[in-house]
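Working notes, structure below.
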There are 2 protein chains.
Amino acid sequence: MATNAKMKNNNHLYGSIEGGGTKFVCTVGTGLNDIRAEVRFPTTSPQETMSQAVDFFKQQESNFGKLASIGFACFGPLDPNPDSSTYGHILPTPKPNWSNADVLGKLRSVFDILISFDTDVNRAALGEWQWGIGQGLSAFIYLTIGTGIGGGVFNEGKLLHGLLHPEMGHIPLPHDKTKDPFEGVCPFHGDCFEGLASGVAIEKRWGQPGATLPPEHPAWDLEADYISRALAAYAYTISPQRIIIGGGVGQLPHLLPCIQKKTRELINGYIKSPAILENIETYIVNPGLGNLSGVLGALALAKRALLES
Amino acid sequence: MATNAKMKNNNHLYGSIEGGGTKFVCTVGTGLNDIRAEVRFPTTSPQETMSQAVDFFKQQESNFGKLASIGFACFGPLDPNPDSSTYGHILPTPKPNWSNADVLGKLRSVFDILISFDTDVNRAALGEWQWGIGQGLSAFIYLTIGTGIGGGVFNEGKLLHGLLHPEMGHIPLPHDKTKDPFEGVCPFHGDCFEGLASGVAIEKRWGQPGATLPPEHPAWDLEADYISRALAAYAYTISPQRIIIGGGVGQLPHLLPCIQKKTRELINGYIKSPAILENIETYIVNPGLGNLSGVLGALALAKRALLES
């Protein structure tokens with residue numbers, strides 16, 4: 001990428017949408033240290049929600065001038081393939097009214113600029129690569145563990161899409177039912193990783209939200225067990241240079257050291273890299289951008305769309 | 001890539017090494033339909049084995065003229081990172097005498113041409129992309145299930161390396177010890193995927209080699225179970241457009257339909273793509289090049305090295 005293009009690009013104004021299942025966050029800014037405006041509203045119907053996003057960007061364009069591009073990171077499952085006839089649509093989902101909604105279409109019908117569309121976790125991976133703890137890496141994973149579990153994979157300058165996009169929360173895991181008789185909460189698989197270890201699973205297993213369970217509660221040792229097994233599976237499958245864990249559960253400070261220790265023990269010396277053998281505390285980390293990786297990741301999407309055009 | 005470069009390239013003579021743990025296969029040729037010479041010899045010491053490879057290529061150069069490049073695909077674990085100080089070395093391995101052997105160094109000291117070095121499974125993936133059933137795909141997996149289990153990942157023109165290279169055989173899997181009390185054979189993990197489902201595991205569990213067990217033997221239902229769980233994990237983690245299964249066990253004709261059926265059942269409609277919902281028999285497939293994917297993959301490595309130079 002030419003330095004000129006980079007410099008020119010720094011003056012551009014970008015729009016970003018962090019579209020979550022419960023709320024949407026829209027921002028306008030030029031980058032890391034220059035967010036000019038932000039709005040948050042609940043995720044209701046696709047029609048109403050996307051109209052609110054459009055209204056916000058129109059308002060900001062009248063304040064700050066034209067947007068150069070928009071980055072739209074959305075909850076899934078979604079179709080991120082620009083060559084597909086359902087590009088920009090939400091795929092069939094249990095969430096009422098959102099199945100097959102053409103969320104990108106509404107935006108494109110109003111703004112005749114580049115709009116980049118991807119999953120929320122891919123966006124966060126991109127934010128971490130651009131400005132966070134993924135800088136300079138050629139292959140890493142961004143995993144979020146909160147209400148649900150999802151992950152994005154960055155490899156040699158590209159976010160991995162393939163067939164649709166990864167759904168890393170749904171891998172099967174060893175489940176010792178004598179130790180943990182809980183059946184899991186995933187409506188598709190029961191006791192997959194998300195079914196056993198998501199925030200919803202923790203709350204259902206223990207009868208109270210994870211946030212109310214103290215660090216010494218046995219919930220956390222079990223939680224670290226499942227997370228470590230999943231991280232070992234990802235490390236073997238993808239061979240990342242780093243694993244970034246975000247999300248409300250993933251960022252609990254007492255959980256990370258336990259996950260690092262257990263993952264190294266599980267791999268048991270098989271992956272002969274100092275990154276795992278000696279430096280596990282810089283191999284499995286929390287996001288460098290903290291809670292900003294969502295917003296900044298969507299801006300990074302917008303920026304990238306323009307640079308690649 | 002320019003058409004001229006491609007056409008010119010078609011006249012080049014390439015060398016290839018398929019370096020396995022028990023035998024080495026070296027060939028010289030220009031591509032798919034033009035293998036000019038081939039030699040096979042047992043894998044003994046690194047010194048002796050690499051000398052035999054060097055002698056073969058020297059002899060062929062005197063017969064056919066200079067080689068343009070060499071593709072060297074080797075058993076692992078190995079260091080495939082050209083920026084690393086141990087690039088081209090075998091990493092610590094239980095195989096006597098091969099730990100830390102600089103297998104690429106010997107070749108480079110004799111041949112002052114491009115030599116591409118990668119894992120045997122990455123090579124096979126490249127062969128399938130160049131001439132086989134991976135043609136035209138942007139993301140797929142090549143998995144080999146034989147004595148051991150390994151996999152390579154191709155994504156948007158690149159083989160995935162990351163930290164070192166994937167070790168897909170070692171993912172943890174659900175293991176119902178009531179149904180299958182066998183402890184697994186992996187010296188590092190016991191009952192990981194390879195520990196439960198490799199050719200070595202089958203032979204140890206049933207007391208006779210898999211090749212002697214008839215298709216109706218319960219071994220195969222259990223085997224398909226483990227393989228399907230692993231494929232579901234890979235599908236969620238990597239989102240491949242296709243999964244190619246090679247190897248002595250992976251290519252058993254009675255096993256494939258069972259793996260296809262079970263994998264679709266396990267995913268249970270979660271990945272909403274016709275590739276899985278409707279066309280599982282073209283989603284999970286055997287190699288297009290059959291037993292030639294090894295040799296041709298190493299040639300593809302040589303070809304690619306030259307094109308990328």
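Going through the structure tokens in order, the chains are called A, B, and so on, while each chain numbers its residues from 1 and the ligands are numbered from 1 in the order shown.
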Q: Using only C-alpha atoms, find the residues of chain B whose closest atom to chain A is at most 7 Å away, then write them as an NGL selection string.
A: :B and (138-139 or 161-168 or 170-175 or 188 or 229 or 232-233 or 236-241 or 268 or 270)
Q: Can you work out the spacing between atom CA of Thr147 of chain B and atom CA of Thr27 of chain B in Å, to one decimal?
A: 23.6 Å
Q: Tell me which of A:Ser228, A:Thr86, A:Thr119, A:Gln52 sits closest to Gly294 of chain A, counting only C-alpha atoms.
A: A:Thr119
(Q) Calculated over only C-alpha atoms, which of the candidates A:Gly157, A:Pro214, A:Gly250, A:Gly146 has the smallest distance to Ser198 of chain A? (A) A:Gly146
Q: Determine which residues of segment 58-216 of chain B receive a DSSP assignment of strand (DSSP E or B), computed from the backbone, and state them as a ChimeraX atom specification.
A: /B:69-74,78,89-90,102,114-119,139-145,149-155,158-159,172,186,190,192
Q: Using atom CA of Thr178 of chain B and atom CA of Gln251 of chain B as the two end points, give the distance in Å to one decimal.
A: 28.4 Å
Q | Spatial neighbours of segment 103-115 of chain B, max dist 8 Å, only C-alpha atoms, sep filter under 5 positions, as JSON, numbers by chain | A | {"B": [46, 50, 51, 54, 67, 68, 69, 70, 71, 72, 88, 89, 90, 302, 305, 306]}
Save the residues we just selected, all heavy atoms, as a short mmCIF file (atom, residue, chain, number, x, y, z; two decimals), in the first residue's frame?
```
data_model
loop_
_atom_site.label_atom_id
_atom_site.label_comp_id
_atom_site.auth_asym_id
_atom_site.auth_seq_id
_atom_site.Cartn_x
_atom_site.Cartn_y
_atom_site.Cartn_z
N PRO B 46 19.10 -38.66 8.31
CA PRO B 46 18.95 -37.45 7.50
C PRO B 46 20.09 -37.32 6.48
O PRO B 46 19.86 -36.99 5.32
CB PRO B 46 19.01 -36.31 8.53
CG PRO B 46 18.71 -36.92 9.85
CD PRO B 46 19.13 -38.35 9.77
N MET B 50 19.07 -37.49 2.57
CA MET B 50 19.18 -36.27 1.77
C MET B 50 20.25 -36.43 0.68
O MET B 50 20.11 -35.88 -0.41
CB MET B 50 19.47 -35.05 2.66
CG MET B 50 18.32 -34.67 3.61
SD MET B 50 16.66 -34.62 2.85
CE MET B 50 16.91 -33.39 1.58
N SER B 51 21.30 -37.21 0.96
CA SER B 51 22.33 -37.46 -0.07
C SER B 51 21.74 -38.21 -1.25
O SER B 51 22.06 -37.93 -2.41
CB SER B 51 23.49 -38.27 0.51
OG SER B 51 24.19 -37.51 1.43
N VAL B 54 19.85 -35.74 -3.34
CA VAL B 54 20.77 -34.90 -4.10
C VAL B 54 21.32 -35.67 -5.31
O VAL B 54 21.33 -35.15 -6.44
CB VAL B 54 21.92 -34.40 -3.18
CG1 VAL B 54 23.07 -33.85 -4.01
CG2 VAL B 54 21.40 -33.34 -2.21
N LEU B 67 17.28 -28.05 -13.50
CA LEU B 67 15.98 -27.88 -12.85
C LEU B 67 15.73 -26.39 -12.64
O LEU B 67 16.66 -25.63 -12.34
CB LEU B 67 15.96 -28.57 -11.48
CG LEU B 67 16.13 -30.09 -11.46
CD1 LEU B 67 16.21 -30.60 -10.02
CD2 LEU B 67 14.96 -30.75 -12.18
N ALA B 68 14.46 -25.97 -12.76
CA ALA B 68 14.10 -24.56 -12.52
C ALA B 68 13.89 -24.30 -11.03
O ALA B 68 14.21 -23.24 -10.52
CB ALA B 68 12.84 -24.21 -13.30
N SER B 69 13.33 -25.28 -10.34
CA SER B 69 13.12 -25.15 -8.89
C SER B 69 12.80 -26.52 -8.32
O SER B 69 12.52 -27.47 -9.06
CB SER B 69 11.99 -24.15 -8.58
OG SER B 69 10.77 -24.62 -9.12
N ILE B 70 12.86 -26.62 -7.00
CA ILE B 70 12.53 -27.88 -6.33
C ILE B 70 11.45 -27.63 -5.28
O ILE B 70 11.51 -26.64 -4.55
CB ILE B 70 13.79 -28.50 -5.65
CG1 ILE B 70 14.85 -28.86 -6.70
CG2 ILE B 70 13.43 -29.74 -4.83
CD1 ILE B 70 16.18 -29.36 -6.12
N GLY B 71 10.47 -28.50 -5.21
CA GLY B 71 9.47 -28.47 -4.15
C GLY B 71 9.74 -29.61 -3.18
O GLY B 71 9.80 -30.76 -3.59
N PHE B 72 9.93 -29.27 -1.92
CA PHE B 72 10.29 -30.28 -0.92
C PHE B 72 9.19 -30.30 0.14
O PHE B 72 9.03 -29.38 0.93
CB PHE B 72 11.65 -29.89 -0.32
CG PHE B 72 12.20 -30.86 0.71
CD1 PHE B 72 11.59 -32.09 0.99
CD2 PHE B 72 13.36 -30.55 1.40
CE1 PHE B 72 12.12 -32.96 1.92
CE2 PHE B 72 13.90 -31.41 2.35
CZ PHE B 72 13.28 -32.62 2.61
N GLY B 88 13.59 -24.81 7.55
CA GLY B 88 14.06 -25.99 6.83
C GLY B 88 14.55 -27.10 7.74
O GLY B 88 15.04 -28.12 7.25
N HIS B 89 14.42 -26.91 9.05
CA HIS B 89 14.82 -27.96 9.98
C HIS B 89 13.60 -28.79 10.39
O HIS B 89 12.48 -28.29 10.45
CB HIS B 89 15.40 -27.36 11.27
CG HIS B 89 16.73 -26.70 11.11
ND1 HIS B 89 16.98 -25.73 10.16
CD2 HIS B 89 17.89 -26.87 11.79
CE1 HIS B 89 18.24 -25.33 10.27
NE2 HIS B 89 18.82 -26.00 11.25
N ILE B 90 13.84 -30.06 10.70
CA ILE B 90 12.84 -30.87 11.41
C ILE B 90 12.88 -30.42 12.87
O ILE B 90 13.96 -30.17 13.41
CB ILE B 90 13.19 -32.38 11.30
CG1 ILE B 90 13.28 -32.83 9.84
CG2 ILE B 90 12.18 -33.23 12.08
CD1 ILE B 90 11.99 -32.80 9.07
N ALA B 302 7.04 -26.61 -6.30
CA ALA B 302 8.18 -26.14 -7.08
C ALA B 302 7.74 -25.08 -8.09
O ALA B 302 8.37 -24.03 -8.25
CB ALA B 302 8.83 -27.31 -7.80
N ALA B 305 6.80 -21.80 -6.35
CA ALA B 305 7.96 -21.06 -5.88
C ALA B 305 8.49 -20.18 -7.01
O ALA B 305 8.83 -19.02 -6.82
CB ALA B 305 9.04 -22.03 -5.40
N LEU B 306 8.54 -20.74 -8.20
CA LEU B 306 9.07 -20.01 -9.34
C LEU B 306 8.15 -18.87 -9.76
O LEU B 306 8.58 -17.76 -10.05
CB LEU B 306 9.26 -20.98 -10.52
CG LEU B 306 10.27 -20.52 -11.56
CD1 LEU B 306 11.67 -20.49 -10.96
CD2 LEU B 306 10.25 -21.44 -12.76
#
```
Q: Have a look at B:Cys74, B:Val295, B:Glu308, B:Arg36 and name the one nearest to Thr22 of chain B; count only C-alpha atoms.
A: B:Cys74
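Proximity to Gln60 of chain A was assessed for A:Glu38, A:Asp180, A:Asp83, A:Asp225 counting only C-alpha atoms; the smallest distance is recorded for A:Glu38.
Going from atom CA of Asn100 of chain A to atom CA of Ser309 of chain A covers 27.5 Å.
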Excluding Leu289 of chain A and its own-chain neighbours fewer than 2 positions away, which residues fall within 9 Å of it when counting only C-alpha atoms? Please give them as a short mmCIF file (atom, residue, chain, number, x, y, z; two decimals) with all heavy atoms, in the first residue's frame.
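Final output, saved to around.cif:
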```cif
data_model
loop_
_atom_site.label_atom_id
_atom_site.label_comp_id
_atom_site.auth_asym_id
_atom_site.auth_seq_id
_atom_site.Cartn_x
_atom_site.Cartn_y
_atom_site.Cartn_z
N GLY A 127 -10.00 -4.58 13.86
CA GLY A 127 -9.67 -3.46 14.75
C GLY A 127 -8.40 -3.74 15.53
O GLY A 127 -7.52 -2.89 15.66
N GLU A 128 -8.28 -4.97 16.04
CA GLU A 128 -7.09 -5.33 16.82
C GLU A 128 -5.84 -5.39 15.94
O GLU A 128 -4.74 -5.11 16.40
CB GLU A 128 -7.32 -6.68 17.52
CG GLU A 128 -8.31 -6.62 18.68
CD GLU A 128 -7.79 -5.78 19.86
OE1 GLU A 128 -6.58 -5.75 20.08
OE2 GLU A 128 -8.63 -5.15 20.54
N TRP A 131 -5.11 -1.42 15.09
CA TRP A 131 -4.69 -0.51 16.16
C TRP A 131 -4.41 -1.20 17.50
O TRP A 131 -3.97 -0.56 18.44
CB TRP A 131 -5.80 0.54 16.41
CG TRP A 131 -6.01 1.50 15.28
CD1 TRP A 131 -5.08 2.35 14.74
CD2 TRP A 131 -7.23 1.73 14.54
NE1 TRP A 131 -5.64 3.09 13.72
CE2 TRP A 131 -6.97 2.73 13.58
CE3 TRP A 131 -8.52 1.19 14.61
CZ2 TRP A 131 -7.93 3.21 12.69
CZ3 TRP A 131 -9.48 1.66 13.72
CH2 TRP A 131 -9.19 2.66 12.79
N GLY A 132 -4.69 -2.49 17.60
CA GLY A 132 -4.60 -3.15 18.91
C GLY A 132 -3.47 -4.14 19.03
O GLY A 132 -2.37 -3.94 18.48
N ILE A 133 -3.75 -5.26 19.67
CA ILE A 133 -2.72 -6.21 20.04
C ILE A 133 -2.46 -7.24 18.93
O ILE A 133 -1.63 -8.14 19.08
CB ILE A 133 -3.10 -6.87 21.40
CG1 ILE A 133 -1.88 -7.45 22.11
CG2 ILE A 133 -4.19 -7.92 21.22
CD1 ILE A 133 -2.12 -7.69 23.59
N ASN A 286 -6.05 -10.60 26.36
CA ASN A 286 -7.29 -9.83 26.20
C ASN A 286 -7.07 -8.76 25.13
O ASN A 286 -5.93 -8.46 24.77
CB ASN A 286 -7.70 -9.21 27.54
CG ASN A 286 -8.29 -10.22 28.52
OD1 ASN A 286 -8.08 -10.14 29.71
ND2 ASN A 286 -9.05 -11.20 28.03
N PRO A 287 -8.16 -8.18 24.59
CA PRO A 287 -8.01 -7.21 23.49
C PRO A 287 -7.17 -5.99 23.89
O PRO A 287 -7.26 -5.52 25.02
CB PRO A 287 -9.45 -6.77 23.20
CG PRO A 287 -10.31 -7.86 23.76
CD PRO A 287 -9.57 -8.41 24.93
N ASN A 291 -12.85 -2.33 25.40
CA ASN A 291 -14.22 -2.30 24.91
C ASN A 291 -14.40 -1.47 23.65
O ASN A 291 -15.48 -1.38 23.10
CB ASN A 291 -15.16 -1.80 26.02
CG ASN A 291 -15.22 -2.82 27.14
OD1 ASN A 291 -15.12 -4.02 26.91
ND2 ASN A 291 -15.35 -2.33 28.37
N LEU A 292 -13.30 -0.84 23.20
CA LEU A 292 -13.39 -0.04 21.98
C LEU A 292 -13.17 -0.87 20.72
O LEU A 292 -13.33 -0.36 19.62
CB LEU A 292 -12.36 1.09 22.01
CG LEU A 292 -12.72 2.29 22.89
CD1 LEU A 292 -11.60 3.31 22.84
CD2 LEU A 292 -14.03 2.92 22.40
N SER A 293 -12.79 -2.15 20.86
CA SER A 293 -12.44 -2.89 19.65
C SER A 293 -13.64 -3.04 18.72
O SER A 293 -13.47 -3.13 17.50
CB SER A 293 -11.79 -4.24 19.97
OG SER A 293 -12.67 -5.07 20.66
N GLY A 294 -14.85 -3.02 19.27
CA GLY A 294 -16.04 -3.09 18.43
C GLY A 294 -16.17 -1.86 17.53
O GLY A 294 -16.14 -1.96 16.30
N LEU A 296 -14.02 0.60 16.97
CA LEU A 296 -12.85 0.85 16.15
C LEU A 296 -12.71 -0.18 15.04
O LEU A 296 -12.24 0.13 13.94
CB LEU A 296 -11.59 0.88 17.02
CG LEU A 296 -11.54 2.07 17.97
CD1 LEU A 296 -10.35 1.95 18.93
CD2 LEU A 296 -11.45 3.39 17.19
#
```
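Taking only C-alpha atoms, the non-local environment of Phe64 of chain B within 10 Å (same-chain residues fewer than 2 positions away omitted) comprises Leu13, Val28, Gly29, Arg36, Ala37, Gln59, Gln60, Glu61, Ser62, Lys66 and Leu67 of chain B.
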Q: Mind listing the alpha helix (DSSP H) residues of segment 27-195 of chain A, per DSSP on the backbone, as a PyMOL selection string?
A: chain A and resi 46-64+103-110+120-131+193-195
What does the file look like for those residues with C-alpha atoms, as an mmCIF file, in the first residue's frame?
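Dumped everything to result34.cif:
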```cif
data_model
loop_
_atom_site.group_PDB
_atom_site.id
_atom_site.type_symbol
_atom_site.label_atom_id
_atom_site.label_comp_id
_atom_site.auth_asym_id
_atom_site.auth_seq_id
_atom_site.Cartn_x
_atom_site.Cartn_y
_atom_site.Cartn_z
ATOM 1 C CA PRO A 46 -34.735 -4.477 10.808
ATOM 2 C CA GLN A 47 -36.775 -1.669 9.200
ATOM 3 C CA GLU A 48 -36.756 0.606 12.239
ATOM 4 C CA THR A 49 -33.189 -0.178 13.293
ATOM 5 C CA MET A 50 -31.646 0.409 9.875
ATOM 6 C CA SER A 51 -33.682 3.624 9.476
ATOM 7 C CA GLN A 52 -32.200 4.941 12.695
ATOM 8 C CA ALA A 53 -28.692 4.177 11.402
ATOM 9 C CA VAL A 54 -29.441 5.962 8.113
ATOM 10 C CA ASP A 55 -30.854 9.009 9.932
ATOM 11 C CA PHE A 56 -27.767 9.228 12.138
ATOM 12 C CA PHE A 57 -25.342 9.171 9.193
ATOM 13 C CA LYS A 58 -27.401 11.730 7.241
ATOM 14 C CA GLN A 59 -27.330 14.042 10.259
ATOM 15 C CA GLN A 60 -23.571 13.631 10.652
ATOM 16 C CA GLU A 61 -22.963 14.277 6.966
ATOM 17 C CA SER A 62 -24.760 17.603 7.382
ATOM 18 C CA ASN A 63 -22.515 18.369 10.386
ATOM 19 C CA PHE A 64 -19.132 17.136 9.147
ATOM 20 C CA VAL A 103 -29.798 -5.074 6.242
ATOM 21 C CA LEU A 104 -27.112 -3.874 3.864
ATOM 22 C CA GLY A 105 -29.610 -3.058 1.097
ATOM 23 C CA LYS A 106 -31.297 -0.284 3.064
ATOM 24 C CA LEU A 107 -27.945 1.413 3.624
ATOM 25 C CA ARG A 108 -26.853 1.024 0.005
ATOM 26 C CA SER A 109 -30.105 2.478 -1.291
ATOM 27 C CA VAL A 110 -29.333 5.736 0.549
ATOM 28 C CA ASP A 120 -18.917 -8.543 14.480
ATOM 29 C CA VAL A 121 -16.016 -10.823 15.403
ATOM 30 C CA ASN A 122 -14.217 -10.377 12.086
ATOM 31 C CA ARG A 123 -14.562 -6.630 12.580
ATOM 32 C CA ALA A 124 -13.069 -6.839 16.074
ATOM 33 C CA ALA A 125 -10.172 -8.902 14.680
ATOM 34 C CA LEU A 126 -9.570 -6.201 12.094
ATOM 35 C CA GLY A 127 -9.671 -3.459 14.750
ATOM 36 C CA GLU A 128 -7.094 -5.333 16.820
ATOM 37 C CA TRP A 129 -4.890 -5.801 13.755
ATOM 38 C CA GLN A 130 -5.132 -2.144 12.761
ATOM 39 C CA TRP A 131 -4.694 -0.509 16.162
ATOM 40 C CA PHE A 193 -18.466 -25.131 23.324
ATOM 41 C CA GLU A 194 -21.077 -22.336 23.329
ATOM 42 C CA GLY A 195 -23.639 -24.706 24.824
#
```
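Counting only C-alpha atoms, the residue from A:Asn33, A:Thr144, A:Asn81, A:Thr44 that sits nearest to Pro96 of chain A is A:Thr44.
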